[in-house]
Amino acid sequence: MGFLKKLLGRKEAYEPGKRVRVCVECGMPVEEHKEWCAIYREQQRRDEAASSA
Ligand SMILES: [Zn+2]
């Protein structure tokens, strides 16, 4: 996991203006929701609805 941390740290260093949005539900960056995250599931539900409509 150390390398992932380094990767994320570097990304932040390269993009100081772009702050990573953290999910209030699971506490992870919004692109890395936990599987059990309610917001993540809601997002997936919407995506499914959008693609099937
Ligand atoms: Zn989340």
# chains A, B, ... in the order shown; residues from 1 in each chain; ligands from 1
call {"tool": "closest_atom_pairs", "arguments": {"of": "chain A", "to": "ligand 1", "cutoff": "10 Å", "atoms": "only C-alpha atoms and all ligand atoms", "output": "tab-separated table"}}
result
residue	atom	partner	partner_atom_place_in_ligand_line	distance
A:Val22	CA	ligand 1	1 (Zn)	7.7
A:Cys23	CA	ligand 1	1 (Zn)	4.6
A:Val24	CA	ligand 1	1 (Zn)	6.6
A:Glu25	CA	ligand 1	1 (Zn)	4.9
A:Cys26	CA	ligand 1	1 (Zn)	4.2
A:Gly27	CA	ligand 1	1 (Zn)	6.3
A:Met28	CA	ligand 1	1 (Zn)	5.9
A:Pro29	CA	ligand 1	1 (Zn)	7.4
A:Val30	CA	ligand 1	1 (Zn)	6.0
A:Glu31	CA	ligand 1	1 (Zn)	8.3
A:Glu32	CA	ligand 1	1 (Zn)	7.3
A:His33	CA	ligand 1	1 (Zn)	4.1
A:Lys34	CA	ligand 1	1 (Zn)	5.8
A:Glu35	CA	ligand 1	1 (Zn)	8.1
A:Trp36	CA	ligand 1	1 (Zn)	8.0
A:Cys37	CA	ligand 1	1 (Zn)	4.7
A:Ala38	CA	ligand 1	1 (Zn)	6.7
A:Ile39	CA	ligand 1	1 (Zn)	5.4
A:Tyr40	CA	ligand 1	1 (Zn)	5.2
A:Arg41	CA	ligand 1	1 (Zn)	8.4
A:Glu42	CA	ligand 1	1 (Zn)	9.8
A:Gln43	CA	ligand 1	1 (Zn)	9.5
call {"tool": "write_last_selection", "arguments": {"atoms": "N, CA and C atoms", "output": "CSV table (one decimal), in the first residue's frame"}}
result
chain,number,residue,atom,x,y,z
A,22,VAL,N,-13.4,14.3,-1.0
A,22,VAL,CA,-13.6,13.1,-0.2
A,22,VAL,C,-15.0,12.8,0.1
A,23,CYS,N,-15.4,11.6,0.0
A,23,CYS,CA,-16.8,11.2,0.2
A,23,CYS,C,-17.1,11.3,1.7
A,24,VAL,N,-18.3,11.9,2.0
A,24,VAL,CA,-18.6,12.1,3.4
A,24,VAL,C,-19.1,10.8,4.0
A,25,GLU,N,-19.5,9.9,3.2
A,25,GLU,CA,-20.1,8.6,3.7
A,25,GLU,C,-19.0,7.6,4.0
A,26,CYS,N,-18.1,7.4,3.1
A,26,CYS,CA,-17.1,6.4,3.4
A,26,CYS,C,-15.7,7.0,3.7
A,27,GLY,N,-15.6,8.3,3.5
A,27,GLY,CA,-14.3,8.9,3.9
A,27,GLY,C,-13.2,8.7,2.9
A,28,MET,N,-13.6,8.1,1.7
A,28,MET,CA,-12.6,7.9,0.7
A,28,MET,C,-12.7,8.9,-0.4
A,29,PRO,N,-11.6,9.1,-1.2
A,29,PRO,CA,-11.8,10.0,-2.4
A,29,PRO,C,-13.0,9.5,-3.2
A,30,VAL,N,-13.7,10.5,-3.8
A,30,VAL,CA,-14.9,10.1,-4.5
A,30,VAL,C,-14.7,9.1,-5.6
A,31,GLU,N,-13.5,9.0,-6.1
A,31,GLU,CA,-13.3,8.0,-7.1
A,31,GLU,C,-12.9,6.6,-6.6
A,32,GLU,N,-12.8,6.6,-5.3
A,32,GLU,CA,-12.4,5.3,-4.6
A,32,GLU,C,-13.4,4.9,-3.5
A,33,HIS,N,-14.7,5.1,-3.8
A,33,HIS,CA,-15.7,4.7,-2.8
A,33,HIS,C,-15.5,3.3,-2.3
A,34,LYS,N,-15.8,3.1,-1.1
A,34,LYS,CA,-15.9,1.7,-0.6
A,34,LYS,C,-17.2,1.0,-1.2
A,35,GLU,N,-17.1,-0.3,-1.3
A,35,GLU,CA,-18.2,-1.0,-1.9
A,35,GLU,C,-19.5,-0.8,-1.1
A,36,TRP,N,-19.4,-0.6,0.2
A,36,TRP,CA,-20.6,-0.5,1.1
A,36,TRP,C,-21.1,0.9,1.1
A,37,CYS,N,-20.4,1.8,0.5
A,37,CYS,CA,-20.8,3.2,0.6
A,37,CYS,C,-22.2,3.5,0.0
A,38,ALA,N,-23.0,4.1,0.7
A,38,ALA,CA,-24.4,4.4,0.3
A,38,ALA,C,-24.4,5.3,-0.9
A,39,ILE,N,-23.5,6.3,-0.8
A,39,ILE,CA,-23.5,7.3,-1.9
A,39,ILE,C,-23.0,6.7,-3.2
A,40,TYR,N,-22.0,5.8,-3.0
A,40,TYR,CA,-21.5,5.0,-4.2
A,40,TYR,C,-22.6,4.2,-4.8
A,41,ARG,N,-23.4,3.5,-4.0
A,41,ARG,CA,-24.5,2.7,-4.5
A,41,ARG,C,-25.5,3.5,-5.2
A,42,GLU,N,-25.8,4.7,-4.6
A,42,GLU,CA,-26.8,5.6,-5.2
A,42,GLU,C,-26.3,6.0,-6.6
A,43,GLN,N,-25.0,6.3,-6.6
A,43,GLN,CA,-24.4,6.7,-7.9
A,43,GLN,C,-24.6,5.6,-8.9
